[in-house]
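**Q** mmCIF, C-alpha atoms, saved as data_25.cif, coming up:
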data_model
#
loop_
_atom_site.label_atom_id
_atom_site.label_comp_id
_atom_site.auth_asym_id
_atom_site.auth_seq_id
_atom_site.Cartn_x
_atom_site.Cartn_y
_atom_site.Cartn_z
CA MET A 1 -8.80 -42.46 -2.65
CA LYS A 2 -8.91 -39.19 -0.72
CA GLN A 3 -8.27 -39.70 2.99
CA THR A 4 -10.32 -37.88 5.60
CA ASN A 5 -9.54 -37.26 9.22
CA PRO A 6 -12.16 -39.04 11.38
CA ASN A 7 -11.39 -36.68 14.29
CA PRO A 8 -10.95 -33.24 12.78
CA SER A 9 -9.45 -30.54 14.96
CA PRO A 10 -12.03 -28.13 16.36
CA HIS A 11 -9.68 -25.33 15.21
CA VAL A 12 -9.95 -26.27 11.51
CA PHE A 13 -12.67 -24.28 9.84
CA SER A 14 -14.48 -25.15 6.64
CA ASN A 15 -13.07 -23.56 3.53
CA GLN A 16 -15.87 -22.68 1.16
CA GLU A 17 -14.23 -22.55 -2.24
CA PHE A 18 -14.94 -19.80 -4.72
CA THR A 19 -16.49 -21.94 -7.45
CA PRO A 20 -16.60 -21.11 -11.19
CA GLU A 21 -20.33 -20.43 -10.86
CA MET A 22 -19.71 -17.78 -8.21
CA LYS A 23 -17.94 -15.62 -10.76
CA GLN A 24 -21.39 -14.80 -12.15
CA THR A 25 -23.25 -14.51 -8.85
CA HIS A 26 -20.89 -13.22 -6.14
CA LYS A 27 -19.53 -9.79 -5.27
CA ILE A 28 -15.91 -9.89 -4.05
CA LEU A 29 -15.29 -7.49 -1.17
CA ALA A 30 -11.73 -6.12 -0.82
CA PRO A 31 -10.28 -3.87 1.90
CA ASP A 32 -9.11 -0.42 0.80
CA ILE A 33 -5.30 -0.74 0.91
CA PHE A 34 -3.93 1.70 -1.69
CA PRO A 35 -6.69 4.27 -2.35
CA VAL A 36 -5.31 5.60 -5.67
CA HIS A 37 -4.14 2.25 -7.03
CA MET A 38 -7.13 0.15 -5.97
CA GLU A 39 -9.50 1.82 -8.44
CA LEU A 40 -7.22 0.79 -11.31
CA LEU A 41 -6.81 -2.72 -9.90
CA LYS A 42 -10.59 -2.96 -9.61
CA SER A 43 -10.97 -2.18 -13.32
CA VAL A 44 -8.63 -5.11 -14.11
CA PHE A 45 -10.72 -7.53 -12.04
CA VAL A 46 -13.96 -6.26 -13.56
CA MET A 47 -12.79 -6.67 -17.15
CA TYR A 48 -12.02 -10.32 -16.39
CA GLY A 49 -15.53 -10.93 -15.13
CA TYR A 50 -15.05 -10.52 -11.36
CA ASP A 51 -17.42 -8.19 -9.50
CA LEU A 52 -14.86 -6.59 -7.17
CA GLU A 53 -15.83 -3.83 -4.76
CA ILE A 54 -13.36 -1.75 -2.74
CA LEU A 55 -14.74 -1.13 0.74
CA LYS A 56 -14.59 2.48 1.90
CA SER A 57 -16.23 2.14 5.33
CA ARG A 58 -14.39 3.86 8.17
CA GLY A 59 -15.07 4.75 11.78
CA LYS A 60 -15.28 3.27 15.24
CA GLN A 61 -18.10 0.91 14.30
CA VAL A 62 -15.84 -0.79 11.73
CA ILE A 63 -12.98 -1.15 14.23
CA ASP A 64 -15.45 -2.51 16.80
CA LYS A 65 -16.63 -5.13 14.32
CA GLY A 66 -13.05 -6.21 13.77
CA LEU A 67 -12.39 -6.39 17.52
CA GLU A 68 -15.60 -8.37 18.03
CA TYR A 69 -14.17 -11.30 16.07
CA ILE A 70 -10.40 -10.67 15.88
CA HIS A 71 -8.38 -10.90 19.10
CA ASN A 72 -7.05 -7.50 20.14
CA ASP A 73 -3.46 -8.79 20.34
CA MET A 74 -3.44 -9.16 16.56
CA CYS A 75 -1.82 -6.41 14.54
CA TYR A 76 -3.83 -3.27 13.87
CA PRO A 77 -3.85 -3.70 10.05
CA ALA A 78 -5.54 -7.08 10.56
CA ILE A 79 -8.26 -5.53 12.67
CA CYS A 80 -8.79 -2.74 10.12
CA ALA A 81 -8.73 -4.81 6.93
CA THR A 82 -10.82 -7.71 8.24
CA GLY A 83 -13.03 -5.29 10.16
CA GLN A 84 -14.02 -3.57 6.91
CA GLN A 85 -15.00 -6.91 5.40
CA LEU A 86 -16.90 -8.26 8.42
CA TYR A 87 -18.67 -4.92 8.83
CA ALA A 88 -19.76 -5.01 5.18
CA LEU A 89 -21.25 -8.49 5.60
CA THR A 90 -23.34 -7.34 8.57
CA SER A 91 -24.20 -3.84 7.33
CA GLY A 92 -27.30 -4.85 5.38
CA GLU A 93 -25.84 -3.41 2.15
CA TYR A 94 -24.87 -6.83 0.82
CA ASP A 95 -26.35 -10.32 0.71
CA PRO A 96 -23.74 -12.41 2.57
CA HIS A 97 -24.83 -15.48 0.56
CA LYS A 98 -23.72 -13.66 -2.60
CA CYS A 99 -20.40 -12.30 -1.29
CA ALA A 100 -16.81 -13.50 -1.19
CA LEU A 101 -13.86 -11.90 0.64
CA ILE A 102 -10.39 -11.38 -0.81
CA GLN A 103 -7.07 -10.75 0.89
CA PHE A 104 -3.82 -9.69 -0.81
CA GLN A 105 -0.81 -11.21 0.95
CA THR A 106 2.97 -11.10 0.61
CA GLY A 107 3.62 -14.24 2.63
CA GLY A 108 6.70 -14.61 4.80
CA GLY A 109 6.97 -14.02 8.54
CA CYS A 110 4.17 -11.47 8.79
CA ARG A 111 0.86 -11.79 10.58
CA ALA A 112 -0.76 -10.74 7.30
CA SER A 113 -0.03 -14.29 6.12
CA ASN A 114 -2.67 -15.44 8.62
CA TYR A 115 -5.45 -13.01 7.69
CA ILE A 116 -7.35 -15.63 5.72
CA TRP A 117 -7.40 -17.94 8.75
CA LEU A 118 -8.52 -15.09 10.97
CA LEU A 119 -11.33 -14.38 8.52
CA ARG A 120 -12.42 -18.01 8.37
CA LYS A 121 -12.46 -18.28 12.14
CA ALA A 122 -14.49 -15.06 12.35
CA LEU A 123 -16.92 -16.24 9.68
CA HIS A 124 -17.33 -19.55 11.52
CA ASN A 125 -18.14 -17.73 14.75
CA MET A 126 -20.61 -15.54 12.84
CA GLY A 127 -22.33 -18.59 11.33
CA MET A 128 -21.14 -17.56 7.85
CA ASP A 129 -18.94 -20.51 6.85
CA TYR A 130 -20.59 -20.30 3.43
CA VAL A 131 -18.70 -17.07 2.58
CA PRO A 132 -15.59 -17.91 0.44
CA VAL A 133 -12.25 -16.33 1.36
CA ILE A 134 -9.87 -15.84 -1.58
CA SER A 135 -6.13 -15.54 -1.01
CA VAL A 136 -3.98 -13.71 -3.57
CA SER A 137 -0.33 -14.14 -2.69
CA PHE A 138 3.15 -14.02 -4.20
CA THR A 139 3.85 -17.35 -2.53
CA GLY A 140 0.83 -19.16 -3.97
CA MET A 141 -0.36 -20.27 -0.54
CA GLU A 142 -3.83 -21.15 -1.75
CA GLN A 143 -5.77 -21.59 -4.94
CA ALA A 144 -9.53 -21.38 -5.20
CA SER A 145 -11.00 -23.56 -7.94
CA GLY A 146 -13.15 -20.85 -9.48
CA PHE A 147 -10.73 -17.96 -9.07
CA ARG A 148 -7.97 -17.79 -11.62
CA ILE A 149 -5.42 -15.07 -12.29
CA THR A 150 -4.04 -15.28 -15.82
CA PRO A 151 -0.59 -14.01 -16.88
CA MET A 152 -2.23 -11.10 -18.75
CA MET A 153 -4.25 -10.22 -15.65
CA ILE A 154 -1.03 -10.15 -13.61
CA ALA A 155 0.61 -7.94 -16.25
CA LYS A 156 -2.29 -5.49 -16.17
CA ALA A 157 -2.29 -5.42 -12.37
CA MET A 158 1.43 -4.60 -12.35
CA VAL A 159 0.94 -1.84 -14.91
CA ALA A 160 -1.96 -0.54 -12.81
CA ILE A 161 0.49 -0.24 -9.88
CA ILE A 162 2.87 1.82 -12.06
CA TYR A 163 0.13 4.16 -13.25
CA GLY A 164 -1.17 4.38 -9.68
CA ASP A 165 2.28 5.43 -8.49
CA MET A 166 2.42 8.21 -11.10
CA LEU A 167 -1.07 9.46 -10.24
CA MET A 168 -0.35 9.38 -6.49
CA LEU A 169 3.05 11.05 -6.80
CA LEU A 170 1.76 13.94 -8.89
CA ARG A 171 -1.52 14.32 -6.99
CA ASN A 172 0.43 14.79 -3.76
CA GLN A 173 2.61 17.49 -5.32
CA VAL A 174 -0.18 19.37 -7.11
CA LYS A 175 -3.32 19.13 -4.95
CA PRO A 176 -1.99 21.30 -2.06
CA TYR A 177 -1.37 24.14 -4.52
CA GLU A 178 -4.30 23.87 -6.95
CA ALA A 179 -5.92 27.22 -7.75
CA ASN A 180 -9.25 25.58 -8.58
CA PRO A 181 -10.31 23.02 -5.98
CA GLY A 182 -11.16 19.69 -7.60
CA ALA A 183 -8.91 20.16 -10.62
CA THR A 184 -6.47 17.50 -9.45
CA GLN A 185 -9.17 14.92 -8.78
CA ALA A 186 -10.68 15.63 -12.21
CA VAL A 187 -7.38 14.64 -13.85
CA ILE A 188 -7.23 11.46 -11.76
CA ASP A 189 -10.82 10.53 -12.68
CA LYS A 190 -10.04 11.19 -16.35
CA TRP A 191 -7.13 8.73 -16.24
CA TYR A 192 -9.09 6.12 -14.31
CA ALA A 193 -11.54 6.03 -17.21
CA GLU A 194 -8.90 6.28 -19.95
CA LEU A 195 -6.65 3.55 -18.56
CA GLY A 196 -9.58 1.25 -17.84
CA GLU A 197 -10.64 1.55 -21.47
CA GLN A 198 -7.11 0.92 -22.71
CA PHE A 199 -6.72 -2.16 -20.51
CA LYS A 200 -9.86 -3.65 -22.12
CA HIS A 201 -8.04 -3.61 -25.46
CA ASN A 202 -4.62 -4.62 -24.07
CA LYS A 203 -3.22 -1.17 -24.79
CA GLY A 204 -0.94 1.17 -22.85
CA MET A 205 0.90 -1.68 -21.16
CA PHE A 206 4.35 -1.93 -22.66
CA GLY A 207 7.17 0.05 -24.22
CA LYS A 208 6.33 3.23 -26.09
CA ALA A 209 2.62 3.04 -25.25
CA LEU A 210 3.39 2.93 -21.52
CA ARG A 211 5.82 5.82 -21.79
CA LYS A 212 3.34 7.83 -23.86
CA ASN A 213 0.68 7.46 -21.16
CA LEU A 214 3.06 8.33 -18.33
CA TYR A 215 4.11 11.45 -20.22
CA ALA A 216 0.48 12.42 -20.91
CA ILE A 217 -0.41 12.00 -17.23
CA ALA A 218 2.51 14.20 -16.16
CA LYS A 219 1.54 16.80 -18.78
CA ASP A 220 -2.05 16.94 -17.49
CA PHE A 221 -0.84 17.59 -13.94
CA HIS A 222 1.69 20.11 -15.25
CA GLU A 223 -1.14 22.10 -16.83
CA ILE A 224 -3.18 22.38 -13.62
CA GLU A 225 -3.10 26.00 -12.43
CA ARG A 226 -1.29 26.27 -9.09
CA LEU A 227 -0.82 28.92 -6.44
CA ASN A 228 2.67 30.17 -5.61
CA VAL A 229 2.51 29.57 -1.85
CA GLN A 230 4.79 27.86 0.64
CA LYS A 231 3.77 24.62 2.32
CA THR A 232 5.45 22.51 4.99
CA LYS A 233 6.87 19.40 3.32
CA VAL A 234 6.17 16.10 5.08
CA GLY A 235 7.31 12.59 4.15
CA ILE A 236 5.31 9.51 5.19
CA VAL A 237 6.93 6.12 5.78
CA GLY A 238 5.93 3.09 7.84
CA GLU A 239 4.11 -0.22 7.64
CA ILE A 240 2.63 -0.69 4.16
CA TYR A 241 -1.05 -0.68 5.20
CA VAL A 242 -1.13 2.29 7.58
CA LYS A 243 1.24 4.21 5.31
CA TYR A 244 -1.36 4.30 2.51
CA SER A 245 -4.80 3.44 3.88
CA PRO A 246 -6.84 6.43 5.12
CA PHE A 247 -8.76 4.06 7.38
CA GLY A 248 -5.57 2.62 8.88
CA ASN A 249 -3.95 6.03 9.48
CA ASN A 250 -7.07 7.91 10.64
CA GLY A 251 -7.20 10.14 7.56
CA LEU A 252 -3.56 11.25 7.89
CA GLU A 253 -3.41 12.82 4.43
CA GLU A 254 -6.66 14.69 4.98
CA PHE A 255 -5.29 16.04 8.25
CA LEU A 256 -2.03 17.16 6.59
CA ASP A 257 -4.11 18.92 3.92
CA SER A 258 -5.86 20.85 6.69
CA GLN A 259 -2.48 21.86 8.18
CA ASP A 260 -1.16 23.48 4.98
CA CYS A 261 1.26 20.68 4.16
CA GLU A 262 2.56 19.02 1.03
CA TYR A 263 3.26 15.35 1.67
CA MET A 264 5.07 12.62 -0.21
CA VAL A 265 4.52 8.88 0.14
CA PRO A 266 6.94 6.46 -1.58
CA GLY A 267 5.44 4.46 -4.47
CA VAL A 268 4.17 0.89 -4.26
CA LEU A 269 6.61 -0.23 -7.00
CA GLY A 270 9.43 0.16 -4.48
CA PHE A 271 7.84 -2.50 -2.26
CA PHE A 272 7.87 -4.96 -5.18
CA GLN A 273 11.53 -4.12 -5.82
CA PHE A 274 12.19 -4.71 -2.12
CA PHE A 275 10.44 -8.10 -2.40
CA PHE A 276 12.57 -9.15 -5.38
CA ASP A 277 15.75 -7.95 -3.69
CA ASN A 278 14.95 -9.96 -0.56
CA LYS A 279 14.85 -13.22 -2.53
CA GLN A 280 18.33 -12.52 -3.82
CA THR A 281 19.47 -11.62 -0.30
CA ASP A 282 18.18 -14.99 0.94
CA TYR A 283 20.35 -16.77 -1.60
CA ARG A 284 23.40 -14.56 -1.04
CA LEU A 285 23.33 -14.73 2.78
CA TYR A 286 21.84 -18.15 3.41
CA GLY A 287 22.40 -20.07 0.16
CA LYS A 288 18.74 -20.96 -0.21
CA GLY A 289 16.21 -20.46 -3.00
CA PHE A 290 18.42 -20.45 -6.10
CA ARG A 291 15.47 -20.73 -8.50
CA SER A 292 13.53 -18.06 -6.63
CA ALA A 293 16.58 -15.80 -6.65
CA MET A 294 16.97 -16.16 -10.43
CA ILE A 295 13.28 -15.39 -11.01
CA SER A 296 13.56 -12.39 -8.70
CA LYS A 297 16.64 -11.22 -10.56
CA ALA A 298 14.56 -11.11 -13.74
CA GLY A 299 11.83 -9.27 -11.82
CA THR A 300 14.42 -6.76 -10.61
CA ALA A 301 15.62 -6.13 -14.16
CA LEU A 302 12.03 -5.53 -15.33
CA THR A 303 11.10 -3.18 -12.47
CA ASP A 304 14.39 -1.29 -12.84
CA TRP A 305 13.60 -0.75 -16.54
CA ILE A 306 10.12 0.53 -15.69
CA GLU A 307 11.53 2.74 -12.95
CA LYS A 308 14.02 4.31 -15.38
CA MET A 309 11.21 5.10 -17.81
CA PHE A 310 9.20 6.62 -14.96
CA ILE A 311 12.09 8.85 -13.86
CA ASP A 312 13.04 9.82 -17.42
CA VAL A 313 9.49 11.01 -18.11
CA LEU A 314 9.50 13.22 -15.02
CA LYS A 315 12.83 14.78 -16.02
CA GLU A 316 10.84 16.60 -18.69
CA PHE A 317 8.78 18.23 -15.93
CA PRO A 318 11.44 19.58 -13.53
CA GLU A 319 8.89 21.18 -11.21
CA PHE A 320 7.98 17.69 -9.99
CA ALA A 321 10.15 15.68 -7.58
CA ALA A 322 10.81 12.30 -9.19
CA PRO A 323 11.43 9.05 -7.30
CA THR A 324 15.00 8.05 -6.57
CA SER A 325 16.28 4.85 -8.21
CA PHE A 326 15.89 1.72 -6.11
CA LYS A 327 19.64 1.19 -6.43
CA HIS A 328 20.23 4.47 -4.58
CA ILE A 329 17.53 3.70 -2.00
CA ARG A 330 19.24 0.37 -1.33
CA ALA A 331 22.57 2.19 -0.85
CA LEU A 332 20.90 4.55 1.63
CA GLY A 333 19.55 1.56 3.52
CA ASP A 334 23.03 0.02 3.70
CA ARG A 335 24.20 3.13 5.56
CA VAL A 336 21.56 2.56 8.24
CA ILE A 337 21.08 -1.19 8.74
CA GLY A 338 22.04 -4.55 7.20
CA ARG A 339 20.11 -5.88 4.22
CA GLY A 340 19.41 -9.10 6.10
CA VAL A 341 16.95 -7.11 8.23
CA LYS A 342 14.03 -7.63 5.88
CA MET A 343 11.06 -8.76 7.98
CA GLY A 344 8.05 -6.56 7.39
CA GLU A 345 9.25 -3.37 5.69
CA GLY A 346 12.75 -4.14 7.01
CA TRP A 347 15.61 -1.95 5.82
CA LEU A 348 13.32 -0.34 3.23
CA LEU A 349 11.62 1.79 5.90
CA PRO A 350 14.68 3.79 7.03
CA ALA A 351 15.96 3.83 3.44
CA GLU A 352 12.75 5.50 2.24
CA ALA A 353 12.96 7.97 5.13
CA ALA A 354 16.51 8.86 4.05
CA GLU A 355 15.34 9.25 0.43
CA LEU A 356 12.55 11.64 1.43
CA ILE A 357 14.88 13.71 3.61
CA GLU A 358 17.32 14.04 0.71
CA LYS A 359 14.45 15.33 -1.44
CA GLY A 360 13.66 18.10 1.03
CA TYR A 361 10.89 16.35 2.96
CA ASN A 362 12.76 16.73 6.25
CA ASN A 363 9.67 16.23 8.39
CA ILE A 364 9.06 12.49 8.51
CA ILE A 365 6.00 10.76 9.94
CA CYS A 366 6.69 7.09 10.64
CA ALA A 367 3.29 5.34 10.79
CA GLN A 368 3.60 2.41 13.19
CA PRO A 369 0.69 0.01 13.80
CA PHE A 370 0.25 -1.98 16.98
CA GLY A 371 1.50 -5.53 16.66
CA CYS A 372 4.00 -4.92 13.86
CA LEU A 373 7.16 -5.67 15.83
CA PRO A 374 9.63 -5.57 12.89
CA ASN A 375 8.20 -2.21 11.84
CA HIS A 376 8.73 -0.77 15.31
CA ILE A 377 12.30 -2.06 15.43
CA VAL A 378 13.40 -0.67 12.06
CA GLY A 379 11.24 2.42 12.49
CA LYS A 380 11.91 3.70 15.99
CA GLY A 381 15.18 1.79 16.24
CA THR A 382 16.83 3.63 13.36
CA ILE A 383 15.71 7.19 14.17
CA ARG A 384 18.92 8.01 16.02
CA THR A 385 21.08 6.88 13.08
CA LEU A 386 18.96 8.87 10.63
CA ARG A 387 19.28 12.00 12.78
CA GLU A 388 23.04 11.53 12.87
CA MET A 389 23.06 11.23 9.07
CA TYR A 390 20.68 14.16 8.61
CA PRO A 391 20.91 16.68 11.50
CA ASN A 392 17.97 18.69 10.09
CA ALA A 393 15.66 15.68 10.08
CA ASN A 394 12.46 16.08 12.12
CA ILE A 395 11.21 12.51 12.62
CA CYS A 396 7.99 11.70 14.44
CA PRO A 397 6.81 8.09 15.00
CA ILE A 398 3.02 7.86 15.32
CA ASP A 399 1.42 4.75 16.82
CA TYR A 400 -1.85 3.50 15.35
CA ASP A 401 -3.98 0.98 17.18
CA ALA A 402 -7.60 0.29 18.01
CA GLY A 403 -7.40 2.14 21.34
CA ALA A 404 -5.30 5.10 20.20
CA SER A 405 -6.80 8.57 20.35
CA LYS A 406 -6.96 10.38 17.01
CA VAL A 407 -6.66 13.67 18.91
CA ASN A 408 -3.41 12.54 20.51
CA GLN A 409 -2.04 11.42 17.14
CA GLU A 410 -2.91 14.75 15.54
CA ASN A 411 -1.48 16.71 18.46
CA ARG A 412 1.85 14.90 18.08
CA ILE A 413 1.86 15.75 14.38
CA LYS A 414 1.00 19.38 15.17
CA LEU A 415 4.00 19.50 17.51
CA MET A 416 6.21 18.13 14.74
CA LEU A 417 4.88 20.76 12.32
CA ALA A 418 5.41 23.52 14.88
CA LEU A 419 9.05 22.45 15.20
CA ALA A 420 9.30 22.46 11.40
CA LYS A 421 8.00 26.04 11.20
CA GLU A 422 10.37 27.17 13.95
CA SER A 423 13.26 25.65 12.04
CA THR A 424 12.20 27.36 8.81
CA PHE A 425 11.87 30.71 10.59
CA ALA A 426 15.33 30.31 12.17
CA GLU A 427 16.90 29.56 8.78
CA LYS A 428 15.38 32.69 7.25
CA ASN A 429 16.63 34.87 10.08
#
Could you express the structure from this file as structure tokens?
**A**
Amino acid sequence: MKQTNPNPSPHVFSNQEFTPEMKQTHKILAPDIFPVHMELLKSVFVMYGYDLEILKSRGKQVIDKGLEYIHNDMCYPAICATGQQLYALTSGEYDPHKCALIQFQTGGGCRASNYIWLLRKALHNMGMDYVPVISVSFTGMEQASGFRITPMMIAKAMVAIIYGDMLMLLRNQVKPYEANPGATQAVIDKWYAELGEQFKHNKGMFGKALRKNLYAIAKDFHEIERLNVQKTKVGIVGEIYVKYSPFGNNGLEEFLDSQDCEYMVPGVLGFFQFFFDNKQTDYRLYGKGFRSAMISKAGTALTDWIEKMFIDVLKEFPEFAAPTSFKHIRALGDRVIGRGVKMGEGWLLPAEAAELIEKGYNNIICAQPFGCLPNHIVGKGTIRTLREMYPNANICPIDYDAGASKVNQENRIKLMLALAKESTFAEKN
């Protein structure tokens, strides 16, 4: 017989499950984490019968909604991501009784592991305990009875990440130079539709079919007419949410576009490789998690194989800068900091900065959100070492939080870009 607590804690909030019936009646609201990738991930959810919507709301009113129900000492990504969801529920655009919220989590010692509890507390305080909160996590922290992710759904989501990386990588290298504005986005929209259709029929996911699509995507970007002009090259590293999300980083990419820059952001696949590598590090350093380490070793082999295919395809288009192998990125990280430093983005952050500098993106923006202590340590704390390794590196940490001024952030970036132009002028003369 199921036991109940006769004196439940006042801090335990009801957990409305996402029931099987809700699959037909509820819209699932997701924060916008990876703008390019999320559209492909959405198509995977939709084809399996889930009505997923990616929230695009931005602005002070969204932040204020997050701060209204999330304590301001929580990390900035929490306020942004949950703020988008709480704002949507109160915006009048949706029927809260027909909505569910979803959070994607990595688990581990990150405040992101507590987002679902923050959401439930907020919903309780809003009188919306009836809104289900779905957790999708590597660690399997929770399972909702009516929400199921099948192995094929996982496979399609992983492939969507790979295609998203290719689209993002090439968009960032082509869009600043396009002769006909909108041509780059047209190619992206074409592949959103094409890949969504292929996923419906379980095509384009493995082996030769995957390689064929990656090649076709690269060829389409190759054929976009571009201007022969010089741009300032900027690399973006930092905490995973503010590094990618335009809401989290105050439209950083849009601002760099306006400043005549070409920017590069490392792919999401690298974060998965980092995750797998960490499990093996746990076993090697601490002797724990043998089974997890073996599973992660298999995951590493698979992602390394995909990465090689990705890089090999781009070798046929030498005008594009291809990603560096994760093995080399890991070696770069070892030159900066120990591999046991793996909380948050850990050693991956300075390793990605080193990779970008080696590729010619000497001007590095390190996006640092309030409340992400590990990110600040491995971000700001490794700048001196990186500058010693790369004397030409121009590294600028930018803090993002609910009270930060966008003008101040942009002025700091403008100063970094001014230094970059001075350096370029000095080299030419």
**Q** For the file shown, what are the residues hit by the PyMOL selection byres ((chain A and resi 203-208) around 10), laid out as a ChimeraX atom specification?
**A** /A:155-156,158-160,162-163,194-202,209-214,306,309
**Q** Apply the PyMOL selection byres ((chain A and resi 174) around 12) to the structure shown and report the selected residues as a short mmCIF file (atom, residue, chain, number, x, y, z; two decimals) with C-alpha atoms, in the frame of the given file.
**A**
data_model
loop_
_atom_site.label_atom_id
_atom_site.label_comp_id
_atom_site.auth_asym_id
_atom_site.auth_seq_id
_atom_site.Cartn_x
_atom_site.Cartn_y
_atom_site.Cartn_z
CA LEU A 167 -1.07 9.46 -10.24
CA MET A 168 -0.35 9.38 -6.49
CA LEU A 169 3.05 11.05 -6.80
CA LEU A 170 1.76 13.94 -8.89
CA ARG A 171 -1.52 14.32 -6.99
CA ASN A 172 0.43 14.79 -3.76
CA GLN A 173 2.61 17.49 -5.32
CA LYS A 175 -3.32 19.13 -4.95
CA PRO A 176 -1.99 21.30 -2.06
CA TYR A 177 -1.37 24.14 -4.52
CA GLU A 178 -4.30 23.87 -6.95
CA ALA A 179 -5.92 27.22 -7.75
CA ASN A 180 -9.25 25.58 -8.58
CA PRO A 181 -10.31 23.02 -5.98
CA GLY A 182 -11.16 19.69 -7.60
CA ALA A 183 -8.91 20.16 -10.62
CA THR A 184 -6.47 17.50 -9.45
CA GLN A 185 -9.17 14.92 -8.78
CA VAL A 187 -7.38 14.64 -13.85
CA ILE A 188 -7.23 11.46 -11.76
CA ALA A 218 2.51 14.20 -16.16
CA ASP A 220 -2.05 16.94 -17.49
CA PHE A 221 -0.84 17.59 -13.94
CA HIS A 222 1.69 20.11 -15.25
CA GLU A 223 -1.14 22.10 -16.83
CA ILE A 224 -3.18 22.38 -13.62
CA GLU A 225 -3.10 26.00 -12.43
CA ARG A 226 -1.29 26.27 -9.09
CA LEU A 227 -0.82 28.92 -6.44
CA ASN A 228 2.67 30.17 -5.61
CA VAL A 229 2.51 29.57 -1.85
CA LYS A 231 3.77 24.62 2.32
CA ASP A 257 -4.11 18.92 3.92
CA CYS A 261 1.26 20.68 4.16
CA GLU A 262 2.56 19.02 1.03
CA TYR A 263 3.26 15.35 1.67
CA MET A 264 5.07 12.62 -0.21
CA GLU A 319 8.89 21.18 -11.21
CA PHE A 320 7.98 17.69 -9.99
CA ALA A 321 10.15 15.68 -7.58
#
**Q** Could you tell me which residues the PyMOL selection byres ((chain A and resi 232) around 12) returns for this structure, as a PyMOL selection string?
**A** chain A and resi 173+176-177+229-231+233-235+256-264+360-364+394+414+416-425
**Q** Suppose you want the space between atom CA of Ala402 of chain A and atom CA of Ile63 of chain A; what is it in Å?
**A**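 Separating atom CA of Ala402 of chain A from atom CA of Ile63 of chain A is a distance of 6.7 Å.
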**Q** If we count only C-alpha atoms, what is near Ala88 of chain A at a cut-off of 9 Å, once residues fewer than 3 positions away on the same chain are taken out, given as a list in words?
**A**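 Listing them by chain and then by number gives Leu29, Leu55, Ser57, Val62, Gly83, Gln84, Gln85, Ser91, Gly92, Glu93, Tyr94 and Pro96 of chain A.
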**Q** Mind writing the picked residues with C-alpha atoms as a CSV table (one decimal), in the frame of the given file?
**A**
chain,number,residue,atom,x,y,z
A,29,LEU,CA,-15.3,-7.5,-1.2
A,55,LEU,CA,-14.7,-1.1,0.7
A,57,SER,CA,-16.2,2.1,5.3
A,62,VAL,CA,-15.8,-0.8,11.7
A,83,GLY,CA,-13.0,-5.3,10.2
A,84,GLN,CA,-14.0,-3.6,6.9
A,85,GLN,CA,-15.0,-6.9,5.4
A,91,SER,CA,-24.2,-3.8,7.3
A,92,GLY,CA,-27.3,-4.8,5.4
A,93,GLU,CA,-25.8,-3.4,2.2
A,94,TYR,CA,-24.9,-6.8,0.8
A,96,PRO,CA,-23.7,-12.4,2.6
**Q** Considering only C-alpha atoms, state which residue in the set A:Asn72, A:Gln24, A:Ser43, A:Asn125 is at the smallest distance from Gly371 of chain A.
**A**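 Looking at the shortest contact to Gly371 of chain A, the residue is A:Asn72.
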**Q** Can you measure atom CA of Val136 of chain A to atom CA of Ile102 of chain A for me? One decimal in Å is fine.
**A**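 One can read the atom CA of Val136 of chain A to atom CA of Ile102 of chain A distance as 7.4 Å.
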**Q** Taking 6 positions as the minimum chain separation for residues in the same chain, which residues sit within 6 Å of Ala100 of chain A when counting only C-alpha atoms? Answer as a list in words.
**A** Ile28, Val131, Pro132 and Val133 of chain A
**Q** Separation of atom CA of Phe274 of chain A and atom CA of Ile357 of chain A, in Å?
**A**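 The value is 19.5 Å.
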**Q** Would you mind telling me which residue in A:Val378, A:Val242, A:Met38, A:Cys75 lies nearest to Ile398 of chain A when using all atoms listed in the file?
**A**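 Distance minimum relative to Ile398 of chain A lands on A:Val242.
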